[in-house]
$ cat work11.txt   # compact mmCIF, C-alpha atoms
# COMPACT_ATOMS: atom_id res chain seq x y z
CA MET A 1 -43.28 -22.22 175.59
CA GLU A 2 -40.27 -23.00 173.43
CA VAL A 3 -40.41 -21.74 169.87
CA SER A 4 -38.83 -23.88 167.17
CA PRO A 5 -36.12 -22.28 165.03
CA VAL A 6 -36.96 -20.88 161.62
CA TYR A 7 -34.86 -22.25 158.78
CA VAL A 8 -35.88 -20.09 155.83
CA LEU A 9 -36.87 -16.45 155.60
CA SER A 10 -37.13 -14.61 152.30
CA ASN A 11 -38.71 -11.24 151.61
CA ASP A 12 -37.51 -10.68 148.06
CA SER A 13 -39.61 -8.72 145.61
CA GLU A 14 -42.31 -10.54 143.66
CA GLN A 15 -41.57 -8.66 140.45
CA ASP A 16 -41.77 -10.79 137.28
CA ARG A 17 -43.30 -13.75 139.10
CA PRO A 18 -45.65 -15.74 136.84
CA PRO A 19 -49.29 -15.41 137.89
CA HIS A 20 -51.32 -18.23 139.29
CA PRO A 21 -52.84 -20.27 136.42
CA ARG A 22 -56.36 -19.47 137.58
CA GLY A 23 -55.70 -15.73 137.64
CA PHE A 24 -53.62 -15.00 134.55
CA LEU A 25 -56.59 -14.03 132.37
CA THR A 26 -57.53 -11.08 134.57
CA GLY A 27 -54.52 -10.21 136.72
CA GLU A 28 -50.88 -9.41 136.20
CA ALA A 29 -48.04 -11.48 137.55
CA GLY A 30 -47.64 -11.27 141.28
CA LYS A 31 -50.53 -8.82 141.71
CA SER A 32 -53.78 -9.39 143.51
CA ASP A 33 -56.96 -9.01 141.48
CA HIS A 34 -58.58 -7.32 144.47
CA LEU A 35 -56.02 -4.53 144.30
CA LYS A 36 -58.01 -3.29 141.31
CA ALA A 37 -61.42 -4.44 142.52
CA GLY A 38 -61.17 -2.52 145.82
CA LEU A 39 -61.40 -5.57 148.10
CA CYS A 40 -58.16 -5.03 149.98
CA VAL A 41 -57.00 -5.94 153.49
CA ASP A 42 -55.47 -3.13 155.57
CA PHE A 43 -54.06 -5.28 158.39
CA PRO A 44 -51.17 -7.81 158.42
CA VAL A 45 -52.10 -11.38 157.52
CA SER A 46 -49.88 -14.48 157.62
CA VAL A 47 -50.46 -18.14 156.79
CA VAL A 48 -49.47 -21.37 158.55
CA LEU A 49 -49.36 -24.52 156.41
CA PRO A 50 -48.94 -27.74 158.43
CA ALA A 51 -47.14 -30.14 156.09
CA GLY A 52 -45.76 -32.83 158.37
CA GLY A 53 -48.07 -35.67 157.39
CA THR A 54 -46.82 -38.99 156.07
CA GLY A 55 -49.60 -39.45 153.51
CA GLU A 56 -50.28 -43.09 154.37
CA ARG A 57 -53.68 -43.10 152.64
CA THR A 58 -52.15 -42.34 149.24
CA GLY A 59 -50.26 -45.65 149.35
CA LEU A 60 -47.10 -43.86 148.15
CA GLN A 61 -43.67 -43.80 149.76
CA THR A 62 -43.40 -40.04 149.26
CA PRO A 63 -45.62 -37.89 151.52
CA LYS A 64 -48.41 -36.52 149.34
CA GLN A 65 -47.45 -32.88 149.88
CA PHE A 66 -44.15 -33.61 148.13
CA CYS A 67 -45.61 -35.72 145.30
CA PRO A 68 -44.90 -34.02 141.95
CA PHE A 69 -47.11 -33.39 138.97
CA LEU A 70 -46.46 -31.14 135.96
CA GLY A 71 -42.90 -30.76 137.17
CA ARG A 72 -43.34 -29.59 140.76
CA PRO A 73 -44.60 -30.86 144.11
CA LEU A 74 -48.16 -30.42 145.36
CA ILE A 75 -47.15 -28.11 148.21
CA SER A 76 -45.66 -25.63 145.74
CA TYR A 77 -49.11 -25.13 144.16
CA THR A 78 -50.61 -24.43 147.58
CA ILE A 79 -47.88 -21.93 148.42
CA GLU A 80 -48.41 -20.23 145.06
CA SER A 81 -52.11 -19.74 145.84
CA PHE A 82 -51.16 -17.64 148.87
CA GLU A 83 -48.10 -15.91 147.47
CA ARG A 84 -50.08 -14.30 144.66
CA VAL A 85 -52.38 -12.62 147.22
CA SER A 86 -50.84 -9.19 147.75
CA TRP A 87 -52.04 -8.79 151.34
CA VAL A 88 -50.54 -12.08 152.60
CA GLN A 89 -47.20 -11.20 154.21
CA THR A 90 -45.67 -14.53 155.21
CA VAL A 91 -46.35 -18.22 154.58
CA VAL A 92 -44.98 -20.44 157.35
CA VAL A 93 -44.59 -24.04 156.18
CA VAL A 94 -44.28 -26.57 159.01
CA VAL A 95 -42.59 -29.83 158.02
CA ALA A 96 -41.10 -32.85 159.77
CA LYS A 97 -37.48 -32.29 160.74
CA GLU A 98 -36.28 -34.94 158.30
CA ASN A 99 -37.94 -33.03 155.42
CA ILE A 100 -36.55 -29.57 156.16
CA ALA A 101 -33.78 -29.82 153.56
CA LEU A 102 -36.28 -31.08 150.97
CA MET A 103 -38.64 -28.18 151.68
CA MET A 104 -35.85 -25.63 151.53
CA GLY A 105 -34.87 -27.02 148.14
CA ILE A 106 -38.43 -26.58 146.88
CA VAL A 107 -38.50 -22.97 148.10
CA GLN A 108 -35.25 -22.18 146.33
CA ARG A 109 -35.96 -24.03 143.09
CA PHE A 110 -39.39 -22.46 142.54
CA GLN A 111 -38.38 -19.07 143.95
CA HIS A 112 -41.10 -18.84 146.59
CA LYS A 113 -40.62 -15.40 148.09
CA LYS A 114 -42.80 -15.29 151.20
CA VAL A 115 -41.96 -18.67 152.73
CA ARG A 116 -40.42 -19.53 156.11
CA VAL A 117 -39.79 -23.17 157.01
CA VAL A 118 -40.35 -24.35 160.59
CA PRO A 119 -39.84 -27.86 162.04
CA GLY A 120 -43.04 -29.62 163.05
CA GLY A 121 -44.06 -31.55 166.13
CA SER A 122 -45.23 -35.08 166.75
CA THR A 123 -48.93 -34.24 166.17
CA ARG A 124 -50.97 -31.89 164.03
CA HIS A 125 -51.68 -29.42 166.87
CA ARG A 126 -48.02 -29.36 167.93
CA SER A 127 -47.01 -28.57 164.35
CA ILE A 128 -49.58 -25.80 163.96
CA CYS A 129 -48.55 -24.37 167.31
CA ASN A 130 -44.91 -24.26 166.20
CA GLY A 131 -45.91 -22.33 163.08
CA VAL A 132 -48.14 -19.89 164.96
CA MET A 133 -45.54 -19.16 167.64
CA ALA A 134 -42.80 -18.64 165.04
CA LEU A 135 -44.77 -15.66 163.73
CA GLY A 136 -44.50 -13.89 167.09
CA GLU A 137 -41.03 -14.90 168.20
CA GLU A 138 -38.86 -12.39 170.01
CA GLY A 139 -36.61 -10.26 167.88
CA ARG A 140 -39.03 -9.93 164.96
CA PRO A 141 -40.26 -6.40 164.10
CA VAL A 142 -43.64 -5.53 165.64
CA ALA A 143 -44.92 -4.61 162.17
CA ASP A 144 -44.33 -8.21 161.03
CA LYS A 145 -46.59 -9.65 163.69
CA PRO A 146 -49.88 -10.62 162.01
CA LYS A 147 -53.26 -9.35 163.10
CA VAL A 148 -54.85 -12.44 161.54
CA VAL A 149 -53.32 -15.82 160.85
CA ILE A 150 -54.79 -18.26 158.31
CA ILE A 151 -54.36 -21.98 158.98
CA HIS A 152 -54.67 -24.14 155.89
CA ASP A 153 -53.78 -27.66 154.78
CA ALA A 154 -50.71 -27.94 152.57
CA VAL A 155 -52.56 -30.49 150.43
CA ARG A 156 -55.50 -28.22 149.51
CA PRO A 157 -53.98 -26.38 146.53
CA PHE A 158 -57.09 -24.69 145.14
CA VAL A 159 -57.82 -21.97 147.68
CA ASP A 160 -59.59 -18.95 146.21
CA GLU A 161 -58.65 -15.35 147.02
CA ASP A 162 -62.28 -14.23 147.23
CA PHE A 163 -62.95 -16.81 149.93
CA LEU A 164 -59.72 -15.99 151.77
CA HIS A 165 -60.90 -12.39 151.96
CA LYS A 166 -64.16 -13.48 153.59
CA ILE A 167 -62.28 -15.62 156.12
CA VAL A 168 -59.77 -12.96 157.22
CA VAL A 169 -62.38 -10.19 157.51
CA ALA A 170 -64.65 -12.41 159.60
CA ALA A 171 -61.71 -13.59 161.72
CA LYS A 172 -60.69 -10.01 162.51
CA GLU A 173 -64.25 -9.08 163.48
CA GLN A 174 -65.26 -12.28 165.35
CA GLY A 175 -61.90 -13.60 166.53
CA ALA A 176 -62.16 -16.79 164.46
CA ALA A 177 -63.73 -17.99 161.20
CA GLY A 178 -63.76 -21.26 159.32
CA ALA A 179 -64.89 -22.88 156.11
CA ILE A 180 -67.71 -25.41 156.12
CA ARG A 181 -69.21 -27.63 153.44
CA PRO A 182 -72.39 -29.74 153.30
CA LEU A 183 -72.01 -33.37 154.34
CA VAL A 184 -71.93 -35.70 151.35
CA SER A 185 -72.72 -38.89 153.25
CA THR A 186 -74.95 -39.60 156.24
CA VAL A 187 -73.01 -39.91 159.52
CA ILE A 188 -73.89 -42.92 161.67
CA ALA A 189 -72.86 -44.27 165.06
CA THR A 190 -72.22 -47.99 165.50
CA THR A 191 -72.39 -50.30 168.48
CA SER A 192 -69.34 -52.12 169.80
CA GLU A 193 -70.66 -55.23 168.04
CA GLY A 194 -70.67 -53.48 164.66
CA TYR A 195 -74.40 -52.73 164.34
CA LEU A 196 -76.15 -49.44 163.63
CA ASP A 197 -76.79 -47.46 166.80
CA HIS A 198 -78.20 -44.25 165.35
CA SER A 199 -77.72 -41.80 162.50
CA LEU A 200 -77.45 -38.01 162.44
CA GLU A 201 -79.80 -35.78 160.51
CA ARG A 202 -77.50 -34.70 157.73
CA ALA A 203 -79.23 -31.33 157.16
CA LYS A 204 -78.26 -30.19 160.67
CA TYR A 205 -74.52 -30.87 160.35
CA ARG A 206 -71.64 -29.55 158.25
CA ALA A 207 -68.12 -30.69 157.47
CA SER A 208 -65.38 -28.47 158.90
CA GLU A 209 -62.93 -27.53 156.16
CA MET A 210 -59.90 -25.33 155.61
CA PRO A 211 -58.93 -22.50 155.50
CA GLN A 212 -59.58 -21.20 159.00
CA GLY A 213 -58.69 -17.73 160.22
CA PHE A 214 -57.92 -16.42 163.72
CA ARG A 215 -56.94 -13.21 165.37
CA TYR A 216 -53.35 -13.88 166.27
CA ASP A 217 -53.82 -13.15 169.97
CA VAL A 218 -56.78 -15.55 170.15
CA ILE A 219 -55.07 -18.58 168.62
CA CYS A 220 -51.91 -17.92 170.68
CA GLN A 221 -53.94 -17.78 173.87
CA ALA A 222 -55.71 -21.03 172.98
CA TYR A 223 -52.43 -22.86 172.45
CA HIS A 224 -50.96 -21.49 175.66
CA LYS A 225 -53.98 -22.71 177.65
CA CYS A 226 -54.72 -26.07 176.04
CA THR A 227 -53.76 -29.39 177.63
CA GLU A 228 -51.36 -32.13 176.63
CA SER A 229 -54.40 -34.19 175.68
CA ASP A 230 -55.46 -31.48 173.23
CA PHE A 231 -52.00 -31.44 171.70
CA GLU A 232 -51.91 -35.22 171.44
CA PHE A 233 -55.40 -36.05 170.19
CA GLY A 234 -57.08 -32.83 169.02
CA THR A 235 -57.46 -31.84 165.37
CA GLU A 236 -59.87 -28.88 165.35
CA CYS A 237 -58.47 -25.37 165.94
CA LEU A 238 -61.94 -23.80 166.03
CA HIS A 239 -62.80 -26.00 169.00
CA LEU A 240 -59.67 -24.89 170.87
CA VAL A 241 -60.48 -21.18 170.65
CA LEU A 242 -64.08 -21.84 171.70
CA GLN A 243 -63.05 -23.96 174.70
CA TYR A 244 -60.15 -21.85 175.99
CA CYS A 245 -60.95 -18.34 174.75
CA GLY A 246 -64.74 -18.35 174.53
CA THR A 247 -64.46 -17.32 170.88
CA ASN A 248 -67.30 -18.68 168.78
CA ALA A 249 -66.12 -18.85 165.18
CA LYS A 250 -68.07 -17.44 162.27
CA LEU A 251 -68.72 -20.34 159.85
CA ILE A 252 -68.73 -19.56 156.14
CA ASP A 253 -69.93 -21.83 153.34
CA GLY A 254 -66.90 -22.62 151.19
CA PRO A 255 -66.64 -23.36 147.47
CA PRO A 256 -66.32 -26.96 146.23
CA THR A 257 -62.69 -26.29 145.24
CA LEU A 258 -61.57 -26.63 148.88
CA TRP A 259 -61.21 -30.40 148.55
CA LYS A 260 -58.19 -32.12 150.04
CA VAL A 261 -55.73 -34.40 148.24
CA THR A 262 -56.06 -37.58 150.26
CA TYR A 263 -55.71 -40.54 147.91
CA LYS A 264 -53.49 -41.28 144.92
CA ARG A 265 -56.38 -40.61 142.52
CA ASP A 266 -56.69 -37.11 143.97
CA LEU A 267 -53.22 -36.26 142.67
CA ALA A 268 -54.37 -37.15 139.15
CA ALA A 269 -57.48 -35.00 139.65
CA ALA A 270 -55.37 -32.05 140.81
CA GLU A 271 -53.10 -32.40 137.76
CA SER A 272 -56.15 -32.49 135.49
CA ILE A 273 -57.49 -29.26 137.01
CA ILE A 274 -54.17 -27.46 136.53
CA LYS A 275 -53.92 -28.67 132.93
CA GLU A 276 -57.47 -27.55 132.18
CA THR A 277 -56.79 -24.10 133.62
CA LEU A 278 -53.58 -23.70 131.65
CA SER A 279 -55.43 -24.65 128.47
CA LEU A 280 -58.17 -22.04 128.41
CA SER A 281 -56.54 -20.08 125.59
CA ALA A 282 -53.67 -19.97 123.13
CA CYS A 283 -51.86 -17.21 121.27
CA LEU A 284 -51.31 -17.67 117.53
CA ILE A 285 -48.48 -15.68 115.91
CA THR A 286 -49.08 -15.18 112.18
CA GLY A 287 -45.78 -13.50 111.32
CA GLY A 288 -47.83 -10.94 109.41
CA VAL A 289 -47.98 -13.05 106.24
CA GLU A 290 -51.30 -13.20 104.39
CA VAL A 291 -51.62 -16.97 104.37
CA GLY A 292 -50.92 -17.03 108.11
CA VAL A 293 -53.67 -14.49 108.78
CA THR A 294 -56.09 -16.51 106.63
CA LEU A 295 -55.30 -19.69 108.55
CA ALA A 296 -55.57 -17.88 111.89
CA ASN A 297 -59.06 -16.57 111.16
CA VAL A 298 -60.31 -20.03 110.20
CA LEU A 299 -58.56 -21.64 113.20
CA GLN A 300 -60.10 -19.14 115.61
CA LYS A 301 -63.55 -20.51 114.81
CA ALA A 302 -62.35 -24.13 115.01
CA PHE A 303 -60.72 -23.57 118.42
CA GLY A 304 -63.86 -21.85 119.68
CA ALA A 305 -65.84 -24.98 118.87
CA LEU A 306 -63.44 -26.85 121.16
CA ASP A 307 -63.97 -24.35 124.03
CA MET A 308 -60.54 -22.79 123.67
CA GLU A 309 -59.97 -19.10 123.01
CA LEU A 310 -57.49 -18.32 120.24
CA LYS A 311 -55.84 -14.91 120.33
CA ILE A 312 -54.19 -13.69 117.13
CA THR A 313 -51.16 -11.42 116.85
CA PRO A 314 -48.64 -10.76 114.07
CA ASP A 315 -45.69 -10.92 116.49
CA LEU A 316 -44.63 -10.69 120.13
CA MET A 317 -42.86 -7.35 119.83
CA GLY A 318 -43.71 -4.04 121.50
CA ASP A 319 -47.19 -3.98 123.00
CA ASN A 320 -47.78 -7.53 121.75
CA ALA A 321 -45.16 -8.78 124.21
CA ARG A 322 -47.96 -8.71 126.82
CA TYR A 323 -49.05 -12.12 125.54
CA LEU A 324 -45.85 -13.57 126.97
CA LEU A 325 -47.13 -12.79 130.48
CA LYS A 326 -50.78 -13.66 129.89
CA ASP A 327 -50.68 -16.91 127.94
CA TRP A 328 -49.17 -20.34 128.47
CA ASN A 329 -49.63 -21.67 124.92
CA PHE A 330 -48.20 -20.31 121.67
CA ILE A 331 -48.73 -21.41 118.07
CA LYS A 332 -46.28 -20.06 115.49
CA VAL A 333 -47.35 -20.22 111.85
CA SER A 334 -44.37 -20.59 109.52
CA VAL A 335 -44.32 -20.70 105.72
CA ASN A 336 -40.54 -20.92 105.46
CA PRO A 337 -39.27 -24.48 104.98
CA PHE A 338 -36.86 -25.83 107.56
CA CYS A 339 -36.76 -22.62 109.60
CA LEU A 340 -37.03 -22.85 113.38
CA SER A 341 -35.51 -19.46 114.16
CA GLU A 342 -38.99 -18.01 114.78
CA VAL A 343 -39.67 -20.72 117.38
CA GLU A 344 -36.27 -20.12 118.93
CA ALA A 345 -37.15 -16.43 119.30
CA ILE A 346 -40.32 -17.31 121.25
CA LEU A 347 -38.32 -19.73 123.39
CA VAL A 348 -35.75 -17.03 124.24
CA ALA A 349 -38.53 -14.54 125.08
CA LEU A 350 -40.25 -17.01 127.43
CA GLU A 351 -36.97 -17.84 129.15
CA ALA A 352 -36.22 -14.13 129.60
CA LYS A 353 -39.60 -13.68 131.36
CA ASN A 354 -39.00 -16.79 133.49
CA ARG A 355 -42.45 -17.76 132.23
CA ALA A 356 -42.20 -21.52 132.74
CA LEU A 357 -40.82 -21.44 136.28
CA LEU A 358 -44.04 -22.66 137.88
CA ASN A 359 -46.05 -24.15 135.01
CA PRO A 360 -45.04 -25.74 131.69
CA ALA A 361 -45.48 -23.52 128.62
CA VAL A 362 -46.31 -24.95 125.18
CA ILE A 363 -45.02 -23.85 121.78
CA ILE A 364 -46.45 -25.43 118.63
CA TRP A 365 -44.56 -24.86 115.39
CA MET A 366 -47.16 -24.98 112.61
CA HIS A 367 -45.39 -25.40 109.28
CA LEU A 368 -47.68 -24.41 106.41
CA SER A 369 -46.08 -26.15 103.42
CA GLY A 370 -46.78 -25.80 99.71
CA THR A 371 -48.48 -28.26 97.43
CA GLU A 372 -45.24 -30.14 96.74
CA GLU A 373 -44.53 -33.07 98.99
CA PRO A 374 -41.23 -32.50 100.87
CA SER A 375 -38.47 -34.97 100.16
CA THR A 376 -37.61 -37.72 102.58
CA SER A 377 -34.26 -36.12 103.41
CA ARG A 378 -35.89 -32.76 104.13
CA ARG A 379 -38.49 -34.38 106.36
CA ALA A 380 -35.72 -36.13 108.30
CA ALA A 381 -33.74 -32.89 108.66
CA GLU A 382 -36.80 -30.97 109.90
CA SER A 383 -37.64 -33.69 112.42
CA ALA A 384 -34.08 -33.86 113.72
CA ALA A 385 -33.88 -30.08 114.14
CA LEU A 386 -37.22 -29.95 115.95
CA ILE A 387 -36.28 -32.80 118.29
CA GLY A 388 -33.00 -31.10 119.15
CA LEU A 389 -34.65 -27.77 119.94
CA ALA A 390 -37.46 -29.43 121.89
CA SER A 391 -35.02 -31.46 123.98
CA THR A 392 -33.21 -28.29 125.04
CA ALA A 393 -36.46 -26.43 125.75
CA LYS A 394 -37.81 -29.30 127.84
CA LEU A 395 -35.04 -28.67 130.37
CA GLN A 396 -36.56 -25.19 130.85
CA ASN A 397 -40.10 -26.60 131.33
CA ILE A 398 -41.14 -25.50 127.83
CA LEU A 399 -42.78 -28.13 125.62
CA ILE A 400 -42.33 -27.79 121.85
CA TYR A 401 -44.39 -29.73 119.32
CA GLY A 402 -44.73 -29.51 115.52
CA ILE A 403 -47.63 -29.75 113.06
CA ARG A 404 -47.20 -29.82 109.28
CA LEU A 405 -50.15 -28.66 107.17
CA HIS A 406 -50.35 -28.58 103.36
CA GLN A 407 -51.91 -25.35 102.10
CA PRO A 408 -55.52 -26.06 101.10
CA GLU A 409 -56.73 -24.90 97.69
CA ASP A 410 -60.27 -23.74 98.49
CA THR A 411 -62.44 -22.49 101.38
CA GLU A 412 -63.99 -25.87 102.09
CA GLN A 413 -60.58 -27.51 102.36
CA TRP A 414 -59.38 -24.68 104.62
CA GLU A 415 -62.22 -25.37 107.05
CA ARG A 416 -61.60 -29.12 107.06
CA SER A 417 -57.87 -28.63 107.56
CA ALA A 418 -58.45 -26.07 110.31
CA SER A 419 -60.69 -28.49 112.15
CA ARG A 420 -57.98 -31.20 112.07
CA VAL A 421 -55.27 -28.76 113.16
CA ALA A 422 -57.42 -27.42 116.00
CA GLU A 423 -58.11 -30.94 117.27
CA ILE A 424 -54.41 -31.89 117.19
CA ALA A 425 -53.17 -28.60 118.70
CA SER A 426 -55.79 -28.48 121.45
CA ALA A 427 -55.00 -32.10 122.38
CA LEU A 428 -51.29 -31.29 122.63
CA ILE A 429 -52.00 -28.20 124.74
CA ARG A 430 -54.44 -29.94 127.08
CA ASP A 431 -52.40 -33.10 127.57
CA ARG A 432 -48.98 -31.40 127.89
CA ASN A 433 -47.30 -34.74 127.39
CA PRO A 434 -43.52 -34.40 127.73
CA ALA A 435 -43.03 -37.71 125.93
CA LEU A 436 -44.31 -36.16 122.67
CA VAL A 437 -42.05 -33.10 122.56
CA GLY A 438 -40.19 -32.72 119.28
CA GLN A 439 -42.74 -34.74 117.31
CA LEU A 440 -43.72 -33.31 113.90
CA LEU A 441 -47.31 -34.37 113.29
CA GLN A 442 -49.08 -34.35 109.94
CA ALA A 443 -52.50 -32.64 109.89
$ encode --input "work11.txt" --output "structure tokens"
Amino acid sequence: MEVSPVYVLSNDSEQDRPPHPRGFLTGEAGKSDHLKAGLCVDFPVSVVLPAGGTGERTGLQTPKQFCPFLGRPLISYTIESFERVSWVQTVVVVVAKENIALMMGIVQRFQHKKVRVVPGGSTRHRSICNGVMALGEEGRPVADKPKVVIIHDAVRPFVDEDFLHKIVVAAKEQGAAGAIRPLVSTVIATTSEGYLDHSLERAKYRASEMPQGFRYDVICQAYHKCTESDFEFGTECLHLVLQYCGTNAKLIDGPPTLWKVTYKRDLAAAESIIKETLSLSACLITGGVEVGVTLANVLQKAFGALDMELKITPDLMGDNARYLLKDWNFIKVSVNPFCLSEVEAILVALEAKNRALLNPAVIIWMHLSGTEEPSTSRRAAESAALIGLASTAKLQNILIYGIRLHQPEDTEQWERSASRVAEIASALIRDRNPALVGQLLQA
């Protein structure tokens, strides 16, 4: 069987890679949570992502796997889900030949370190077969050959490491394993005239989902033995290994997050999930000034009422620099008029950590002004400076916004002001609207 050429191979270190948005609260960048929890995998595992579809059901000209949201294409999110798992060695992405250059550009731009790009075939099974065979091609070190290969859809970005662990362990023990989910709708059969013939008892059946795992020798044997008809019309890998290898897959109930981006509305849903995950917390930098600490303590309660954790720190120096790798949202309290140097310092620190490579970071400059109303000229100068800084930062995927707050005179006013600030800041963080960068809002 002819093996298609591999166009990209990169084994660079994952040091300083930003963590996956769902894992940054508990794990460090580029490190698997299970490395600390003891759930490790002691055999080589690789992944094949078929990504050659045209995405006709989305109604878009661009194939859905390449459709962007929050600054990068859908397939990059799926790759990230696997790259952050320490025990996954290689991610083979199989794309149509005409999209190879596009895929290579994505790999380079977002610094995906474990990816190899392979040209696909005319059908789903032919594409998967190309990816599987590329993992065992002649000339590759024996140690690189996987014991288990995971097959997953490129347009299912929310795969969970806990579930992947269950799949690969079961696949190694049983030869094959796959995700299943309960049927949502009743399945019926129709007559040729368009009438109901019969229906299936929904409780007895399950929907086959991804990911699926296979011992490498099993899935290779299945593809070597299967017919042209299987290649042309088949879609289910679990069926192939049962028919040609006698391997009965272990079926595992999967989480609801395994859903597939199929329609245009699903892209909006995926973007909403990423935004929600990036907005779980924020880090407020007080600068160590008393009024900043007072505001921070009141804001912490107001943010909590909006289901957002607010962490408080005087600065981002020394041990406090850890917030740069754990948080995506930063609020800098400033009492100095017309001074953005503190925001610039945060911007430089984030750029040095390459923090916004995969997901947009947010900085909110919170100017705590005195009782005197600033002059029109000073307002204009502040706005112009903020817009200029925000425009530059936007090119680095960092979104800067501003909020001006007059210092309240008593406790009751502090609480009311904090509530308004929390509502504005949380909305900016959750929406991550690039059209609003540089705006100086009045609380």
$ closest_atom_pairs --input "work11.txt" --of "range 339-396 of chain A" --to "range 78-97 of chain A" --cutoff "12 Å" --atoms "all atoms listed in the file" --output "JSON lines"
{"residue": "A:Leu357", "atom": "CA", "partner": "A:Glu80", "partner_atom": "CA", "distance": 11.7}
{"residue": "A:Leu358", "atom": "CA", "partner": "A:Glu80", "partner_atom": "CA", "distance": 8.7}
{"residue": "A:Asn359", "atom": "CA", "partner": "A:Glu80", "partner_atom": "CA", "distance": 11.0}
$ residues_around --input "work11.txt" --residues "range 161-177 of chain A" --least-positions-apart "6" --cutoff "8 Å" --atoms "all atoms listed in the file" --output "PyMOL selection string"
chain A and resi 39+41+45+81+85+147-150+211-215+218+238+241+247-252+254-255
$ atom_distance --input "work11.txt" --atom1 "CA of Gly131 in chain A" --atom2 "CA of Pro256 in chain A"
26.9 Å
$ residues_around --input "work11.txt" --residues "Leu306 in chain A" --least-positions-apart "4" --cutoff "8 Å" --atoms "all atoms listed in the file" --output "list in words"
Ala302, Ala422, Glu423 and Ser426 of chain A
$ residues_around --input "work11.txt" --residues "Gln442 in chain A" --least-positions-apart "2" --cutoff "10 Å" --atoms "only C-alpha atoms" --output "PyMOL selection string"
chain A and resi 366-367+402-406+420-421+424+439-440
$ residues_around --input "work11.txt" --residues "range 391-401 of chain A" --least-positions-apart "5" --cutoff "7 Å" --atoms "only C-alpha atoms" --output "PyMOL selection string"
chain A and resi 356+360-365+434+437-440
$ closest_residue --input "work11.txt" --among "A:Leu295, A:Cys129, A:Val47, A:Leu368" --to "Lys225 in chain A" --atoms "all atoms listed in the file"
A:Cys129
$ axis_aligned_box --input "work11.txt" --around "range 362-366 of chain A" --padding-each-side "8 Å" --output "lines of an AutoDock Vina configuration file"
center_x = -45.9
center_y = -24.6
center_z = 118.9
size_x = 18.6
size_y = 17.6
size_z = 28.6
$ atom_distance --input "work11.txt" --atom1 "CA of Cys67 in chain A" --atom2 "CA of Ser46 in chain A"
24.9 Å
$ residues_around --input "work11.txt" --residues "range 319-335 of chain A" --least-positions-apart "3" --cutoff "8 Å" --atoms "only C-alpha atoms" --output "mmCIF file with C-alpha atoms, in the coordinates of the input"
data_model
loop_
_atom_site.group_PDB
_atom_site.id
_atom_site.type_symbol
_atom_site.label_atom_id
_atom_site.label_comp_id
_atom_site.auth_asym_id
_atom_site.auth_seq_id
_atom_site.Cartn_x
_atom_site.Cartn_y
_atom_site.Cartn_z
ATOM 1 C CA PRO A 18 -45.650 -15.740 136.840
ATOM 2 C CA PHE A 24 -53.620 -15.000 134.550
ATOM 3 C CA LEU A 25 -56.590 -14.030 132.370
ATOM 4 C CA GLU A 28 -50.880 -9.410 136.200
ATOM 5 C CA ALA A 29 -48.040 -11.480 137.550
ATOM 6 C CA LEU A 278 -53.580 -23.700 131.650
ATOM 7 C CA SER A 279 -55.430 -24.650 128.470
ATOM 8 C CA SER A 281 -56.540 -20.080 125.590
ATOM 9 C CA ALA A 282 -53.670 -19.970 123.130
ATOM 10 C CA CYS A 283 -51.860 -17.210 121.270
ATOM 11 C CA LEU A 284 -51.310 -17.670 117.530
ATOM 12 C CA ILE A 285 -48.480 -15.680 115.910
ATOM 13 C CA THR A 286 -49.080 -15.180 112.180
ATOM 14 C CA GLY A 287 -45.780 -13.500 111.320
ATOM 15 C CA GLY A 292 -50.920 -17.030 108.110
ATOM 16 C CA THR A 313 -51.160 -11.420 116.850
ATOM 17 C CA ASP A 315 -45.690 -10.920 116.490
ATOM 18 C CA LEU A 316 -44.630 -10.690 120.130
ATOM 19 C CA CYS A 339 -36.760 -22.620 109.600
ATOM 20 C CA GLU A 342 -38.990 -18.010 114.780
ATOM 21 C CA VAL A 343 -39.670 -20.720 117.380
ATOM 22 C CA ALA A 349 -38.530 -14.540 125.080
ATOM 23 C CA LEU A 350 -40.250 -17.010 127.430
ATOM 24 C CA LYS A 353 -39.600 -13.680 131.360
ATOM 25 C CA ARG A 355 -42.450 -17.760 132.230
ATOM 26 C CA PRO A 360 -45.040 -25.740 131.690
ATOM 27 C CA ALA A 361 -45.480 -23.520 128.620
ATOM 28 C CA VAL A 362 -46.310 -24.950 125.180
ATOM 29 C CA ILE A 363 -45.020 -23.850 121.780
ATOM 30 C CA ILE A 364 -46.450 -25.430 118.630
ATOM 31 C CA TRP A 365 -44.560 -24.860 115.390
ATOM 32 C CA MET A 366 -47.160 -24.980 112.610
ATOM 33 C CA HIS A 367 -45.390 -25.400 109.280
ATOM 34 C CA LEU A 368 -47.680 -24.410 106.410
ATOM 35 C CA SER A 369 -46.080 -26.150 103.420
ATOM 36 C CA ILE A 429 -52.000 -28.200 124.740
#
$ closest_residue --input "work11.txt" --among "A:Asn336, A:Asn130, A:Ser272, A:Ser76" --to "Gly105 in chain A" --atoms "all atoms listed in the file"
A:Ser76
$ closest_residue --input "work11.txt" --among "A:Glu351, A:Glu201, A:Glu98, A:Glu209" --to "Ser185 in chain A" --atoms "only C-alpha atoms"
A:Glu201
$ atom_distance --input "work11.txt" --atom1 "CA of Ile312 in chain A" --atom2 "CA of Ser419 in chain A"
16.9 Å
$ closest_residue --input "work11.txt" --among "A:Leu196, A:Ile188, A:Ile75, A:Ile128" --to "Thr235 in chain A" --atoms "only C-alpha atoms"
A:Ile128
